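Engineer: This is the structure I have questions about; it appears just below.
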Amino acid sequence: MQQLESMYQEIILEHYRRPLHAGLREPFDAEVRHVNPTCGDEVTIRVALKDSSGQPVLADVSYEALGCSISQASVSVMADMIIGEPVTEAMAASEEFLRLMQSKGEAEPDESLLGDAVAFAGVSKYPARIKCALLGWMAWKDATARALNARDDGPHSDGDREQL
């Protein structure tokens with residue numbers, strides 16, 4: 001068990017030191033900024049969608065994150081695992097990650113669904129850190145919902161994009 005926890009810590013540190021998909025990119029369909037009021041961690045996420053086989057797919061997820069290693073690593077892992085995925089599959093992964101974070105260390109994570117995100121299983125034992133791990137995921141869900149709503153409402157100019 002100790003070896004597994006050590007491997008998980010290494011995954012988190014690697015994503016913190018060398019974050020994947022960091023830096024805000026264009027084009028994007030929605031942008032949101034979320035802040036964890038408890039500790040001041042913050043993340044700005046941009047989501048770009050495309051259609052594939054009649055369903056929305058995440059063409060790109062880019063971000064800027066400031067804060068602890070947990071929040072920054074979590075958004076890096078999340079972006080890496082969901083870019084290119086259908087929104088429905090990414091939402092399923094998000095729900096599984098939320099379930100894991102709410103488990104207080106008792107859940108057996110679904111590695112086939114979560115990939116490297118299973119590395120955050122130990123975080124669920126520390127209530128003060130759960131919001132750190134969830135910050136990027138909640139911001140992504142918010143941005144994706146806004147992007148999907150904008151698609152349903154029809155085309156908008158860049159000036160109509162809602163930004164927080």
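Labels used: A, B, ... for chains in the order of the structure tokens, numbers from 1 for residues in each chain, and numbers from 1 for ligands as shown.
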List every residue of segment 53-130 of chain A that has an atom at most 7 Å from any atom of segment 15-27 of chain A, and for each one report the closest atom pair and its distance in Å to one decimal, counting only C-alpha atoms, with rows sorted by chain and then by increasing residue number, as a tab-separated table.
Structural biologist:
```
residue	atom	partner	partner_atom	distance
A:Ser62	CA	A:Leu24	CA	5.1
A:Tyr63	CA	A:Leu24	CA	5.1
A:Glu64	CA	A:Gly23	CA	5.4
A:Ser69	CA	A:Tyr16	CA	5.5
A:Gln72	CA	A:Tyr16	CA	5.8
A:Ala73	CA	A:Tyr16	CA	4.6
A:Ser76	CA	A:Leu20	CA	5.2
A:Val77	CA	A:His15	CA	6.8
A:Ala79	CA	A:His21	CA	6.6
A:Asp80	CA	A:Leu20	CA	6.4
```
Engineer: DSSP on the backbone, then: every residue of chain A marked strand (DSSP E or B), written as a PyMOL selection string.
Structural biologist: chain A and resi 22+30-35+42-52+55-66+86
Engineer: Can you list, as a list in words, every protein, DNA or RNA residue that comes within 12 Å of Ala90 of chain A when you count only C-alpha atoms, leaving out same-chain residues fewer than 6 positions away?
Structural biologist: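 What passes the distance filter is Pro56, Val57, Leu58, Ala59, Val61, Met78, Ala79, Asp80, Met81, Ile82, Ile83, Gly84, Glu96, Phe97, Leu113, Leu114, Trp137, Trp140, Lys141 and Thr144 of chain A.
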Engineer: Please identify which residues in chain A DSSP calls helix (DSSP H, G or I) from the backbone, and express them as a CSV table (one decimal) with N, CA and C atoms, in the first residue's frame.
Structural biologist:
```
chain,number,residue,atom,x,y,z
A,2,GLN,N,1.9,1.2,0.8
A,2,GLN,CA,2.9,2.4,0.9
A,2,GLN,C,3.5,2.7,-0.5
A,3,GLN,N,3.8,1.6,-1.3
A,3,GLN,CA,4.4,1.8,-2.6
A,3,GLN,C,3.4,2.4,-3.5
A,4,LEU,N,2.1,2.1,-3.4
A,4,LEU,CA,1.1,2.6,-4.3
A,4,LEU,C,0.9,4.1,-3.9
A,5,GLU,N,0.8,4.5,-2.6
A,5,GLU,CA,0.7,5.8,-2.2
A,5,GLU,C,1.9,6.7,-2.7
A,6,SER,N,3.0,6.1,-2.7
A,6,SER,CA,4.2,6.8,-3.2
A,6,SER,C,4.1,7.1,-4.7
A,7,MET,N,3.6,6.1,-5.4
A,7,MET,CA,3.5,6.3,-6.9
A,7,MET,C,2.4,7.3,-7.1
A,8,TYR,N,1.3,7.4,-6.4
A,8,TYR,CA,0.3,8.4,-6.5
A,8,TYR,C,0.9,9.8,-6.2
A,9,GLN,N,1.7,9.9,-5.2
A,9,GLN,CA,2.3,11.2,-4.9
A,9,GLN,C,3.2,11.6,-6.0
A,10,GLU,N,3.9,10.7,-6.6
A,10,GLU,CA,4.8,11.0,-7.7
A,10,GLU,C,4.0,11.5,-8.9
A,11,ILE,N,2.8,10.9,-9.2
A,11,ILE,CA,2.0,11.4,-10.3
A,11,ILE,C,1.5,12.8,-10.0
A,12,ILE,N,1.1,13.1,-8.8
A,12,ILE,CA,0.6,14.4,-8.5
A,12,ILE,C,1.8,15.4,-8.6
A,13,LEU,N,2.9,15.1,-8.1
A,13,LEU,CA,4.1,16.0,-8.2
A,13,LEU,C,4.5,16.2,-9.6
A,14,GLU,N,4.5,15.2,-10.5
A,14,GLU,CA,4.8,15.3,-11.9
A,14,GLU,C,3.9,16.3,-12.6
A,15,HIS,N,2.6,16.2,-12.3
A,15,HIS,CA,1.6,17.1,-13.0
A,15,HIS,C,1.8,18.5,-12.4
A,16,TYR,N,2.2,18.6,-11.2
A,16,TYR,CA,2.4,20.0,-10.6
A,16,TYR,C,3.6,20.6,-11.2
A,17,ARG,N,4.7,19.9,-11.4
A,17,ARG,CA,6.0,20.4,-11.9
A,17,ARG,C,5.9,20.7,-13.4
A,69,SER,N,-0.2,22.4,-4.9
A,69,SER,CA,0.1,21.3,-5.8
A,69,SER,C,-1.1,20.5,-6.1
A,70,ILE,N,-2.0,20.3,-5.2
A,70,ILE,CA,-3.2,19.4,-5.4
A,70,ILE,C,-4.1,20.0,-6.5
A,71,SER,N,-4.4,21.3,-6.3
A,71,SER,CA,-5.3,21.9,-7.3
A,71,SER,C,-4.7,22.0,-8.7
A,72,GLN,N,-3.4,22.4,-8.7
A,72,GLN,CA,-2.8,22.5,-10.0
A,72,GLN,C,-2.6,21.1,-10.7
A,73,ALA,N,-2.2,20.1,-10.0
A,73,ALA,CA,-2.0,18.8,-10.5
A,73,ALA,C,-3.4,18.2,-11.0
A,74,SER,N,-4.4,18.5,-10.2
A,74,SER,CA,-5.7,17.9,-10.5
A,74,SER,C,-6.3,18.5,-11.8
A,75,VAL,N,-6.1,19.7,-12.1
A,75,VAL,CA,-6.6,20.3,-13.3
A,75,VAL,C,-5.8,19.8,-14.5
A,76,SER,N,-4.5,19.6,-14.3
A,76,SER,CA,-3.6,19.1,-15.3
A,76,SER,C,-4.0,17.6,-15.7
A,77,VAL,N,-4.2,16.8,-14.7
A,77,VAL,CA,-4.7,15.4,-15.0
A,77,VAL,C,-6.0,15.4,-15.7
A,78,MET,N,-7.0,16.3,-15.2
A,78,MET,CA,-8.3,16.3,-15.8
A,78,MET,C,-8.2,16.7,-17.2
A,79,ALA,N,-7.5,17.8,-17.5
A,79,ALA,CA,-7.5,18.3,-18.9
A,79,ALA,C,-6.9,17.2,-19.8
A,80,ASP,N,-5.8,16.5,-19.4
A,80,ASP,CA,-5.2,15.5,-20.2
A,80,ASP,C,-6.1,14.4,-20.5
A,81,MET,N,-7.0,14.0,-19.5
A,81,MET,CA,-7.8,12.8,-19.7
A,81,MET,C,-9.1,13.1,-20.5
A,82,ILE,N,-9.5,14.4,-20.5
A,82,ILE,CA,-10.8,14.6,-21.2
A,82,ILE,C,-10.7,15.3,-22.6
A,87,VAL,N,-18.4,14.8,-24.5
A,87,VAL,CA,-18.8,15.5,-23.3
A,87,VAL,C,-19.4,14.5,-22.3
A,88,THR,N,-20.3,13.6,-22.8
A,88,THR,CA,-20.9,12.6,-21.9
A,88,THR,C,-19.9,11.7,-21.2
A,89,GLU,N,-18.9,11.3,-21.9
A,89,GLU,CA,-17.9,10.5,-21.2
A,89,GLU,C,-17.0,11.3,-20.2
A,90,ALA,N,-16.7,12.5,-20.6
A,90,ALA,CA,-16.0,13.4,-19.6
A,90,ALA,C,-16.8,13.7,-18.4
A,91,MET,N,-18.1,13.9,-18.6
A,91,MET,CA,-19.0,14.1,-17.4
A,91,MET,C,-19.1,12.8,-16.5
A,92,ALA,N,-19.1,11.6,-17.1
A,92,ALA,CA,-19.1,10.4,-16.3
A,92,ALA,C,-17.8,10.3,-15.5
A,93,ALA,N,-16.7,10.7,-16.1
A,93,ALA,CA,-15.4,10.7,-15.4
A,93,ALA,C,-15.4,11.7,-14.2
A,94,SER,N,-16.0,12.9,-14.5
A,94,SER,CA,-16.2,13.9,-13.5
A,94,SER,C,-17.0,13.4,-12.3
A,95,GLU,N,-18.1,12.7,-12.6
A,95,GLU,CA,-19.0,12.2,-11.5
A,95,GLU,C,-18.2,11.1,-10.7
A,96,GLU,N,-17.4,10.3,-11.4
A,96,GLU,CA,-16.6,9.3,-10.7
A,96,GLU,C,-15.6,10.0,-9.8
A,97,PHE,N,-15.0,11.0,-10.3
A,97,PHE,CA,-14.0,11.7,-9.5
A,97,PHE,C,-14.6,12.4,-8.3
A,98,LEU,N,-15.8,13.0,-8.5
A,98,LEU,CA,-16.5,13.5,-7.3
A,98,LEU,C,-16.9,12.5,-6.3
A,99,ARG,N,-17.3,11.3,-6.8
A,99,ARG,CA,-17.6,10.2,-5.9
A,99,ARG,C,-16.4,9.8,-5.1
A,100,LEU,N,-15.3,9.7,-5.8
A,100,LEU,CA,-14.0,9.4,-5.1
A,100,LEU,C,-13.7,10.4,-4.0
A,101,MET,N,-13.8,11.7,-4.4
A,101,MET,CA,-13.5,12.8,-3.4
A,101,MET,C,-14.4,12.8,-2.2
A,111,GLU,N,-10.2,2.8,-12.0
A,111,GLU,CA,-9.0,3.3,-12.8
A,111,GLU,C,-9.3,3.3,-14.3
A,112,SER,N,-10.1,2.5,-14.8
A,112,SER,CA,-10.4,2.5,-16.2
A,112,SER,C,-11.1,3.8,-16.6
A,113,LEU,N,-11.9,4.4,-15.7
A,113,LEU,CA,-12.6,5.6,-16.0
A,113,LEU,C,-11.7,6.8,-15.6
A,114,LEU,N,-10.9,6.7,-14.5
A,114,LEU,CA,-10.2,7.9,-14.0
A,114,LEU,C,-8.8,8.0,-14.4
A,115,GLY,N,-8.2,6.9,-14.9
A,115,GLY,CA,-6.7,7.0,-15.3
A,115,GLY,C,-5.9,7.5,-14.1
A,116,ASP,N,-5.0,8.5,-14.4
A,116,ASP,CA,-4.1,9.1,-13.4
A,116,ASP,C,-4.9,9.8,-12.3
A,117,ALA,N,-6.2,10.1,-12.5
A,117,ALA,CA,-6.9,10.8,-11.5
A,117,ALA,C,-7.1,10.0,-10.2
A,118,VAL,N,-6.9,8.6,-10.3
A,118,VAL,CA,-6.9,7.8,-9.1
A,118,VAL,C,-5.8,8.2,-8.1
A,119,ALA,N,-4.8,8.9,-8.6
A,119,ALA,CA,-3.7,9.3,-7.7
A,119,ALA,C,-4.3,10.2,-6.6
A,120,PHE,N,-5.4,10.8,-6.8
A,120,PHE,CA,-6.0,11.7,-5.8
A,120,PHE,C,-6.9,11.0,-4.7
A,121,ALA,N,-6.9,9.7,-4.8
A,121,ALA,CA,-7.7,8.9,-3.8
A,121,ALA,C,-7.4,9.3,-2.4
A,122,GLY,N,-6.1,9.4,-2.1
A,122,GLY,CA,-5.7,9.8,-0.7
A,122,GLY,C,-6.1,11.1,-0.3
A,123,VAL,N,-6.3,12.0,-1.2
A,123,VAL,CA,-6.8,13.4,-0.9
A,123,VAL,C,-8.2,13.3,-0.2
A,124,SER,N,-9.0,12.4,-0.6
A,124,SER,CA,-10.3,12.3,0.0
A,124,SER,C,-10.4,12.1,1.5
A,125,LYS,N,-9.2,11.7,2.1
A,125,LYS,CA,-9.1,11.5,3.5
A,125,LYS,C,-9.0,12.8,4.3
A,127,PRO,N,-10.5,16.4,4.4
A,127,PRO,CA,-11.6,17.3,4.0
A,127,PRO,C,-11.1,18.7,3.5
A,128,ALA,N,-10.1,19.2,4.1
A,128,ALA,CA,-9.6,20.6,3.8
A,128,ALA,C,-9.0,20.6,2.4
A,129,ARG,N,-8.6,19.4,1.8
A,129,ARG,CA,-7.9,19.4,0.5
A,129,ARG,C,-8.9,19.0,-0.6
A,130,ILE,N,-10.0,18.5,-0.3
A,130,ILE,CA,-11.0,18.0,-1.3
A,130,ILE,C,-11.4,19.1,-2.2
A,131,LYS,N,-11.6,20.3,-1.7
A,131,LYS,CA,-12.0,21.4,-2.6
A,131,LYS,C,-10.9,21.8,-3.5
A,132,CYS,N,-9.6,21.6,-3.1
A,132,CYS,CA,-8.5,21.9,-3.9
A,132,CYS,C,-8.5,20.9,-5.1
A,133,ALA,N,-8.7,19.6,-4.9
A,133,ALA,CA,-8.7,18.7,-5.9
A,133,ALA,C,-9.9,18.9,-6.9
A,134,LEU,N,-11.0,19.3,-6.3
A,134,LEU,CA,-12.3,19.5,-7.2
A,134,LEU,C,-12.3,20.8,-7.9
A,135,LEU,N,-11.5,21.8,-7.6
A,135,LEU,CA,-11.6,23.1,-8.1
A,135,LEU,C,-11.6,23.2,-9.7
A,136,GLY,N,-10.7,22.5,-10.3
A,136,GLY,CA,-10.6,22.5,-11.7
A,136,GLY,C,-11.8,21.7,-12.4
A,137,TRP,N,-12.2,20.7,-11.7
A,137,TRP,CA,-13.3,19.8,-12.2
A,137,TRP,C,-14.6,20.6,-12.2
A,138,MET,N,-14.8,21.4,-11.1
A,138,MET,CA,-16.0,22.2,-11.0
A,138,MET,C,-16.0,23.3,-12.1
A,139,ALA,N,-14.9,23.9,-12.2
A,139,ALA,CA,-14.8,25.0,-13.2
A,139,ALA,C,-15.0,24.4,-14.6
A,140,TRP,N,-14.4,23.3,-14.9
A,140,TRP,CA,-14.6,22.7,-16.2
A,140,TRP,C,-16.1,22.4,-16.5
A,141,LYS,N,-16.8,21.8,-15.5
A,141,LYS,CA,-18.2,21.5,-15.6
A,141,LYS,C,-19.0,22.8,-15.9
A,142,ASP,N,-18.7,23.9,-15.2
A,142,ASP,CA,-19.3,25.1,-15.4
A,142,ASP,C,-19.1,25.7,-16.8
A,143,ALA,N,-17.8,25.7,-17.2
A,143,ALA,CA,-17.5,26.1,-18.6
A,143,ALA,C,-18.1,25.3,-19.7
A,144,THR,N,-18.2,24.0,-19.5
A,144,THR,CA,-18.8,23.1,-20.5
A,144,THR,C,-20.3,23.4,-20.5
A,145,ALA,N,-20.9,23.5,-19.4
A,145,ALA,CA,-22.4,23.8,-19.4
A,145,ALA,C,-22.6,25.1,-20.2
A,146,ARG,N,-21.8,26.1,-19.9
A,146,ARG,CA,-22.0,27.4,-20.6
A,146,ARG,C,-21.7,27.3,-22.1
A,147,ALA,N,-20.7,26.5,-22.5
A,147,ALA,CA,-20.5,26.2,-23.9
A,147,ALA,C,-21.6,25.5,-24.6
A,148,LEU,N,-22.2,24.5,-23.9
A,148,LEU,CA,-23.3,23.8,-24.5
A,148,LEU,C,-24.5,24.7,-24.6
A,149,ASN,N,-24.8,25.5,-23.6
A,149,ASN,CA,-25.9,26.5,-23.6
A,149,ASN,C,-25.7,27.5,-24.8
A,150,ALA,N,-24.5,27.9,-25.0
A,150,ALA,CA,-24.3,28.9,-26.1
A,150,ALA,C,-24.5,28.2,-27.4
A,151,ARG,N,-24.2,27.0,-27.6
A,151,ARG,CA,-24.5,26.2,-28.8
A,151,ARG,C,-26.0,26.1,-29.0
A,152,ASP,N,-26.7,25.9,-27.9
A,152,ASP,CA,-28.2,25.7,-28.0
A,152,ASP,C,-28.8,27.1,-28.4
A,153,ASP,N,-28.2,28.2,-28.0
A,153,ASP,CA,-28.8,29.5,-28.2
A,153,ASP,C,-28.4,30.0,-29.6
A,158,ASP,N,-17.7,37.1,-30.4
A,158,ASP,CA,-16.8,36.9,-29.3
A,158,ASP,C,-17.1,37.8,-28.2
A,159,GLY,N,-17.7,39.0,-28.4
A,159,GLY,CA,-18.1,39.9,-27.4
A,159,GLY,C,-19.2,39.4,-26.5
A,160,ASP,N,-20.0,38.4,-26.9
A,160,ASP,CA,-21.1,37.8,-26.2
A,160,ASP,C,-20.6,36.7,-25.2
```
Engineer: Just the residues within 10 Å of Gly40 of chain A, please, counting only C-alpha atoms, with nothing from its chain fewer than 4 positions along; format it as a PyMOL selection string.
Structural biologist: chain A and resi 34-36+66-68+132
Engineer: Just how far from atom CA of Asp110 of chain A is atom CA of Gly54 of chain A, in Å to one decimal?
Structural biologist: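 Separating atom CA of Gly54 of chain A from atom CA of Asp110 of chain A is a distance of 27.6 Å.
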Engineer: In Å to one decimal, how far is atom CA of Gln102 of chain A from atom CA of Ala65 of chain A?
Structural biologist: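 Going from atom CA of Ala65 of chain A over to atom CA of Gln102 of chain A covers 22.7 Å.
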